[in-house]
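File shown here: run-v4.csv, holding CSV, C-alpha atoms.
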```csv
chain,number,residue,atom,x,y,z
T,1,MET,CA,-10.8,35.0,-11.2
T,2,SER,CA,-14.1,33.9,-12.6
T,3,SER,CA,-16.9,33.4,-10.1
T,4,ALA,CA,-16.9,29.7,-11.0
T,5,ALA,CA,-13.2,29.4,-10.3
T,6,ARG,CA,-13.7,31.3,-7.0
T,7,GLN,CA,-16.6,29.1,-6.1
T,8,GLN,CA,-14.5,26.0,-6.9
T,9,GLN,CA,-11.6,27.3,-4.7
T,10,GLU,CA,-14.0,28.0,-1.9
T,11,GLN,CA,-15.6,24.6,-2.0
T,12,PRO,CA,-14.3,22.2,0.6
T,13,SER,CA,-12.2,19.5,-0.9
T,14,VAL,CA,-14.5,16.6,-0.1
T,15,ASP,CA,-15.4,13.3,-1.5
T,16,PRO,CA,-19.2,12.7,-1.4
T,17,GLU,CA,-18.6,9.1,-2.4
T,18,ALA,CA,-17.3,8.5,1.1
T,19,LEU,CA,-20.8,9.2,2.5
T,20,ALA,CA,-22.5,6.9,0.0
T,21,ARG,CA,-20.0,4.3,1.0
T,22,LEU,CA,-20.8,4.6,4.7
T,23,GLU,CA,-24.5,4.2,3.7
T,24,ARG,CA,-23.7,1.1,1.9
T,25,PHE,CA,-21.7,-0.2,4.9
T,26,GLY,CA,-24.5,0.5,7.4
T,27,GLY,CA,-27.4,2.5,6.0
T,28,GLN,CA,-28.4,6.0,7.2
T,29,VAL,CA,-28.1,4.9,10.8
T,30,LEU,CA,-24.4,4.3,10.5
T,31,LEU,CA,-23.9,7.5,8.4
T,32,ARG,CA,-25.7,9.7,10.9
T,33,GLU,CA,-23.8,8.1,13.9
T,34,MET,CA,-20.5,8.5,12.1
T,35,VAL,CA,-21.1,12.1,11.2
T,36,GLY,CA,-22.4,12.9,14.7
T,37,LEU,CA,-19.3,11.4,16.3
T,38,TYR,CA,-17.1,13.3,13.9
T,39,LEU,CA,-18.8,16.7,14.5
T,40,ALA,CA,-18.5,16.1,18.2
T,41,ASN,CA,-14.9,14.9,18.2
T,42,ALA,CA,-13.0,16.7,15.4
T,43,PRO,CA,-13.0,20.1,17.2
T,44,GLU,CA,-11.6,18.4,20.2
T,45,ARG,CA,-8.8,16.9,18.1
T,46,ILE,CA,-7.9,20.3,16.7
T,47,ALA,CA,-7.9,21.6,20.3
T,48,ALA,CA,-5.7,18.7,21.3
T,49,VAL,CA,-3.2,19.7,18.6
T,50,GLU,CA,-3.2,23.3,19.8
T,51,ALA,CA,-2.8,22.1,23.4
T,52,ALA,CA,0.1,19.9,22.4
T,53,LEU,CA,1.8,22.9,20.7
T,54,ALA,CA,1.4,25.0,23.8
T,55,ALA,CA,2.9,22.1,25.9
T,56,ASP,CA,5.6,21.4,23.3
T,57,ASP,CA,4.4,17.8,23.2
T,58,VAL,CA,5.3,16.2,19.8
T,59,ILE,CA,3.8,12.8,20.6
T,60,ALA,CA,0.4,14.3,21.7
T,61,ALA,CA,0.3,16.4,18.5
T,62,GLU,CA,1.1,13.4,16.3
T,63,ASN,CA,-1.6,11.3,18.0
T,64,ALA,CA,-4.3,14.0,17.6
T,65,LEU,CA,-3.3,14.7,13.9
T,66,HIS,CA,-3.2,11.0,13.1
T,67,SER,CA,-6.6,10.4,14.6
T,68,LEU,CA,-8.2,13.4,12.9
T,69,LYS,CA,-6.6,12.3,9.6
T,70,SER,CA,-8.1,8.9,9.8
T,71,SER,CA,-11.6,10.0,10.8
T,72,SER,CA,-11.6,12.8,8.1
T,73,ALA,CA,-10.5,10.4,5.3
T,74,GLN,CA,-13.2,7.9,6.2
T,75,LEU,CA,-15.9,10.7,6.0
T,76,GLY,CA,-14.5,12.1,2.7
T,77,ALA,CA,-13.0,15.3,4.2
T,78,MET,CA,-10.0,14.8,2.0
T,79,ARG,CA,-8.4,18.3,2.2
T,80,LEU,CA,-8.5,18.2,6.0
T,81,ALA,CA,-7.1,14.7,5.9
T,82,ARG,CA,-4.2,15.9,3.8
T,83,LEU,CA,-3.6,18.8,6.1
T,84,CYS,CA,-3.4,16.5,9.1
T,85,GLU,CA,-1.1,14.1,7.1
T,86,ALA,CA,1.3,17.0,6.4
T,87,GLY,CA,1.3,17.9,10.1
T,88,GLU,CA,1.8,14.3,11.1
T,89,GLN,CA,4.8,14.1,8.8
T,90,ILE,CA,6.4,17.0,10.6
T,91,THR,CA,5.7,15.5,14.0
T,92,ARG,CA,7.0,12.1,13.0
T,93,GLY,CA,10.3,13.9,12.4
T,94,GLY,CA,10.2,15.0,16.0
T,95,ARG,CA,9.4,18.6,15.2
T,96,LEU,CA,6.5,21.0,15.7
T,97,ALA,CA,7.6,23.9,13.4
T,98,GLY,CA,4.8,24.6,11.0
T,99,VAL,CA,2.2,22.6,13.0
T,100,ALA,CA,0.6,25.8,14.2
T,101,ASP,CA,-0.2,26.7,10.6
T,102,VAL,CA,-1.7,23.2,10.1
T,103,ALA,CA,-3.9,23.6,13.2
T,104,HIS,CA,-5.0,27.1,12.0
T,105,ALA,CA,-5.8,25.9,8.5
T,106,GLY,CA,-7.4,22.7,9.9
T,107,ARG,CA,-9.7,24.7,12.1
T,108,SER,CA,-11.1,26.8,9.2
T,109,GLU,CA,-11.3,23.7,6.9
T,110,LEU,CA,-13.2,21.9,9.6
T,111,GLU,CA,-15.8,24.7,9.6
T,112,ARG,CA,-16.4,24.1,5.9
T,113,VAL,CA,-16.4,20.3,6.3
T,114,SER,CA,-19.0,20.6,9.2
T,115,ALA,CA,-21.3,22.7,7.0
T,116,TRP,CA,-20.9,20.2,4.2
T,117,LEU,CA,-21.7,17.2,6.4
T,118,THR,CA,-24.7,18.9,8.0
T,119,ASP,CA,-26.0,19.9,4.6
T,120,ALA,CA,-25.4,16.4,3.2
T,121,LEU,CA,-27.5,14.8,6.0
T,122,ALA,CA,-30.2,17.4,5.6
T,123,ARG,CA,-30.5,16.6,1.9
T,124,ARG,CA,-30.9,12.9,2.7
T,125,THR,CA,-34.0,13.5,4.7
T,126,SER,CA,-35.6,15.7,2.1
I,1,MET,CA,-19.5,-17.8,14.9
I,2,SER,CA,-15.9,-16.7,15.2
I,3,THR,CA,-15.0,-14.1,17.8
I,4,ILE,CA,-12.9,-11.1,16.8
I,5,ALA,CA,-11.3,-8.8,19.3
I,6,VAL,CA,-11.2,-5.2,18.0
I,7,VAL,CA,-8.5,-3.0,19.6
I,8,GLU,CA,-9.3,0.6,18.4
I,9,ASP,CA,-9.3,3.8,20.4
I,10,ASN,CA,-11.5,5.8,17.9
I,11,ALA,CA,-15.2,5.4,18.6
I,12,ASP,CA,-16.0,6.2,15.0
I,13,ASN,CA,-13.8,3.3,13.7
I,14,ARG,CA,-15.3,0.9,16.3
I,15,LEU,CA,-18.8,1.9,15.1
I,16,LEU,CA,-17.7,1.3,11.5
I,17,LEU,CA,-16.3,-2.1,12.2
I,18,GLN,CA,-19.4,-3.1,14.2
I,19,ALA,CA,-21.5,-2.2,11.2
I,20,LEU,CA,-19.3,-4.1,8.8
I,21,LEU,CA,-18.6,-7.2,10.9
I,22,GLY,CA,-21.2,-7.3,13.6
I,23,GLU,CA,-23.5,-9.7,11.7
I,24,ARG,CA,-20.7,-12.1,10.6
I,25,TYR,CA,-18.7,-12.3,13.8
I,26,ASP,CA,-19.0,-11.9,17.6
I,27,LEU,CA,-17.0,-8.7,18.3
I,28,VAL,CA,-15.3,-7.9,21.5
I,29,GLU,CA,-14.1,-4.3,21.7
I,30,PHE,CA,-11.2,-2.7,23.6
I,31,ASP,CA,-10.0,0.9,23.4
I,32,ASN,CA,-6.6,0.5,24.9
I,33,GLY,CA,-3.8,-2.1,25.1
I,34,VAL,CA,-3.9,-2.8,28.8
I,35,ASP,CA,-7.6,-3.8,28.7
I,36,ALA,CA,-7.1,-5.6,25.4
I,37,LEU,CA,-4.3,-7.8,26.8
I,38,ALA,CA,-6.3,-8.6,30.0
I,39,GLY,CA,-9.4,-9.4,27.8
I,40,LEU,CA,-7.5,-11.6,25.4
I,41,SER,CA,-6.1,-13.6,28.3
I,42,ALA,CA,-9.4,-13.9,30.0
I,43,SER,CA,-11.2,-15.1,26.9
I,44,LEU,CA,-9.2,-16.1,23.8
I,45,PRO,CA,-10.8,-14.8,20.6
I,46,ASP,CA,-10.2,-16.4,17.1
I,47,LEU,CA,-8.6,-13.3,15.7
I,48,VAL,CA,-7.5,-9.8,16.6
I,49,LEU,CA,-7.9,-6.5,14.6
I,50,LEU,CA,-5.3,-4.2,16.1
I,51,ASP,CA,-5.0,-0.5,15.5
I,52,ILE,CA,-1.4,0.7,15.6
I,53,SER,CA,-1.8,4.3,16.9
I,54,LEU,CA,-3.2,3.9,20.4
I,55,PRO,CA,-2.6,6.1,23.4
I,56,GLY,CA,-0.1,4.6,25.9
I,57,MET,CA,0.8,1.1,24.6
I,58,ASP,CA,0.7,1.1,20.8
I,59,GLY,CA,-0.2,-1.7,18.5
I,60,ASN,CA,3.4,-2.8,17.9
I,61,GLU,CA,3.9,-3.2,21.6
I,62,ILE,CA,0.6,-5.1,22.1
I,63,LEU,CA,1.6,-7.4,19.3
I,64,ALA,CA,5.0,-8.0,20.9
I,65,ARG,CA,3.3,-8.9,24.1
I,66,ILE,CA,0.9,-11.2,22.3
I,67,ARG,CA,3.8,-13.0,20.6
I,68,ALA,CA,5.6,-13.3,23.9
I,69,ASP,CA,2.7,-14.9,25.7
I,70,GLU,CA,2.5,-18.7,25.4
I,71,ARG,CA,-1.3,-18.8,25.4
I,72,LEU,CA,-1.8,-15.8,23.0
I,73,ARG,CA,1.1,-16.3,20.7
I,74,ALA,CA,-0.7,-18.2,17.9
I,75,LEU,CA,-3.5,-15.7,17.6
I,76,PRO,CA,-3.9,-14.3,14.0
I,77,VAL,CA,-3.4,-10.5,14.4
I,78,ILE,CA,-4.3,-8.1,11.6
I,79,ALA,CA,-2.9,-4.6,11.7
I,80,LEU,CA,-5.5,-1.9,11.0
I,81,THR,CA,-3.8,1.4,10.4
I,82,ALA,CA,-3.9,4.8,8.7
I,83,HIS,CA,-0.1,4.7,8.6
I,84,ALA,CA,-0.1,3.9,4.9
I,85,MET,CA,3.3,4.7,3.6
I,86,ALA,CA,5.2,2.9,0.9
I,87,GLY,CA,6.8,-0.2,2.4
I,88,ASP,CA,4.6,-0.3,5.4
I,89,ARG,CA,3.0,-3.6,4.5
I,90,GLU,CA,6.3,-5.4,4.5
I,91,LYS,CA,7.3,-3.6,7.7
I,92,TYR,CA,4.2,-4.8,9.6
I,93,LEU,CA,4.4,-8.3,8.2
I,94,ASN,CA,8.0,-8.5,9.2
I,95,GLU,CA,7.1,-7.4,12.7
I,96,GLY,CA,4.8,-10.4,13.1
I,97,PHE,CA,1.4,-9.2,12.0
I,98,ASN,CA,-0.4,-11.8,9.9
I,99,ASP,CA,-2.0,-9.2,7.7
I,100,TYR,CA,-2.3,-5.5,7.2
I,101,ILE,CA,-5.4,-3.4,6.4
I,102,THR,CA,-5.3,0.3,5.7
I,103,LYS,CA,-7.8,2.9,6.9
I,104,PRO,CA,-9.9,4.5,5.6
I,105,ILE,CA,-11.8,1.4,4.7
I,106,VAL,CA,-12.9,1.9,1.1
I,107,ASP,CA,-13.4,-1.7,-0.2
I,108,GLU,CA,-14.9,-3.8,2.6
I,109,THR,CA,-14.2,-7.0,0.8
I,110,VAL,CA,-10.4,-6.5,1.4
I,111,LEU,CA,-11.2,-6.6,5.1
I,112,PHE,CA,-13.5,-9.6,4.8
I,113,ASP,CA,-11.1,-11.5,2.7
I,114,ALA,CA,-8.1,-10.9,5.1
I,115,ILE,CA,-10.2,-12.0,8.1
I,116,GLU,CA,-11.5,-15.2,6.4
I,117,ARG,CA,-8.0,-16.0,5.1
I,118,ARG,CA,-6.4,-15.7,8.5
I,119,LEU,CA,-9.2,-17.5,10.3
I,120,ALA,CA,-8.8,-20.4,7.8
I,121,GLU,CA,-5.1,-20.5,8.3
I,122,ALA,CA,-5.5,-20.7,12.0
I,123,SER,CA,-8.1,-23.4,12.1
```
Show me this structure written as structure tokens.
Amino acid sequence: MSSAARQQQEQPSVDPEALARLERFGGQVLLREMVGLYLANAPERIAAVEAALAADDVIAAENALHSLKSSSAQLGAMRLARLCEAGEQITRGGRLAGVADVAHAGRSELERVSAWLTDALARRTS
Amino acid sequence: MSTIAVVEDNADNRLLLQALLGERYDLVEFDNGVDALAGLSASLPDLVLLDISLPGMDGNEILARIRADERLRALPVIALTAHAMAGDREKYLNEGFNDYITKPIVDETVLFDAIERRLAEAS
């Protein structure tokens, strides 16, 4: 694999336009508050999915995945939103098989998204 | 200024709606169905923006209770949901929602237009 291809693969699948859109909606104040809420709440949502798995609670897993999907999509974290959507589809069928993989992949994707968001905010002040 | 009740459990979505709508309308926010129904009864808004996925009582049940309540039944209610599957729009309209807006909000004019259309219909 070329370094460019590897770099591409390692990039989080994000949509920077989503951040520009939030700025249009409410300026840097809204963007910063939205990102701040997301960085605080998204790890709790992943933890809620993991707790739901441990408790065999399909509804709780679906609610946490749905909520994280929605917040991720609004902020442009599209790969994470798609992961949550896939997990949500499973839970809507009343099952949890495969949701542990979604939670695992979601946790590592969230690390990339968090770094991207933090960097994007830092660039806006410079 | 018209009053809009926002029923949404996610703080980030409430923040976004406040930024988009706060200067145009008086917003009253609720993060769960029980509080929302009590609040709507105490002070009737002009329109309700209702999230579907809520903990406890979900948006569909809240709508059913609004439509079953003589004082609330005529309220315009717009579903606000990230459940955006093919055929969902018809499903929500058939259930008695007056309109249907999908999240994430990408084009804010779709939201503004839906609100204005439903407010005009109700007046």
Legend entry - Distance-based interface of chain I with chain T, 10 Å, counting all atoms listed in the file, as a ChimeraX atom specification: /I:9-13,15-21,53-55,81-83,102-108
Legend entry - Exercise: Leu75 in chain I partners within 10 Å, all atoms listed in the file, chain neighbours under 5 positions left out, as a list of chain:residue names: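 Once the nearby chain positions are removed, what remains is I:Leu40, I:Leu44, I:Pro45, I:Asp46, I:Leu47, I:Val48, I:Leu63, I:Ile66, I:Arg67, I:Phe97, I:Asn98, I:Arg118, I:Leu119, I:Ala122.
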Go ahead and save the picked residues with C-alpha atoms, as a PDB file, in the frame of the given file.
```
ATOM      1  CA  LEU I  40      -7.500 -11.600  25.400  1.00  0.00           C
ATOM      2  CA  LEU I  44      -9.200 -16.100  23.800  1.00  0.00           C
ATOM      3  CA  PRO I  45     -10.800 -14.800  20.600  1.00  0.00           C
ATOM      4  CA  ASP I  46     -10.200 -16.400  17.100  1.00  0.00           C
ATOM      5  CA  LEU I  47      -8.600 -13.300  15.700  1.00  0.00           C
ATOM      6  CA  VAL I  48      -7.500  -9.800  16.600  1.00  0.00           C
ATOM      7  CA  LEU I  63       1.600  -7.400  19.300  1.00  0.00           C
ATOM      8  CA  ILE I  66       0.900 -11.200  22.300  1.00  0.00           C
ATOM      9  CA  ARG I  67       3.800 -13.000  20.600  1.00  0.00           C
ATOM     10  CA  PHE I  97       1.400  -9.200  12.000  1.00  0.00           C
ATOM     11  CA  ASN I  98      -0.400 -11.800   9.900  1.00  0.00           C
ATOM     12  CA  ARG I 118      -6.400 -15.700   8.500  1.00  0.00           C
ATOM     13  CA  LEU I 119      -9.200 -17.500  10.300  1.00  0.00           C
ATOM     14  CA  ALA I 122      -5.500 -20.700  12.000  1.00  0.00           C
TER      15      ALA I 122
END
```
Inset, instruction - Work out how far CA of Val102 in chain T is from CA of Leu117 in chain T, in Å to one decimal. - result: 21.2 Å
Legend entry - Straight-line distance linking CA of Gly87 in chain T with CA of Asp56 in chain T, stated in Å to one decimal: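 Straight-line distance from CA of Gly87 in chain T to CA of Asp56 in chain T works out to 14.3 Å.
With all atoms listed in the file as the atoms that count, the residue of I:Ala120, I:Ala64, I:Ala5, I:Leu49 with the shortest distance to Asp35 in chain I is I:Ala5.
Residue nearest Met57 in chain I, chosen from I:Ser123, I:Ser2, I:Asn94, I:Asn32 and counting all atoms listed in the file: I:Asn32.
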Inset, instruction - Enter the distance from CA of Ala42 in chain T to CA of Asp57 in chain T, in Å, rounded to one decimal. - result: 19.1 Å
Inset, instruction - Excluding range 104-107 of chain T and any residue of its chain fewer than 4 positions from it, enumerate the residues within 7 Å of it, using only C-alpha atoms, and give them as a PyMOL selection string. - result: chain T and resi 46+80+83+100+111
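Considering the residues T:Ala48, T:Gln28, T:Arg79, T:Asp15 and counting all atoms listed in the file, Ala122 in chain T has its shortest atom-to-atom contact with T:Gln28.
For the choices I:Ala42, I:Ile4, I:Ile62, I:Ile115, the atom-to-atom distance to Gly22 in chain I is smallest for I:Ile4 when using all atoms listed in the file.
Shortest separation to Ser13 in chain T among T:Asp101, T:Glu109, T:Glu88, T:Glu44 occurs at residue T:Glu109, atoms counted being all atoms listed in the file.
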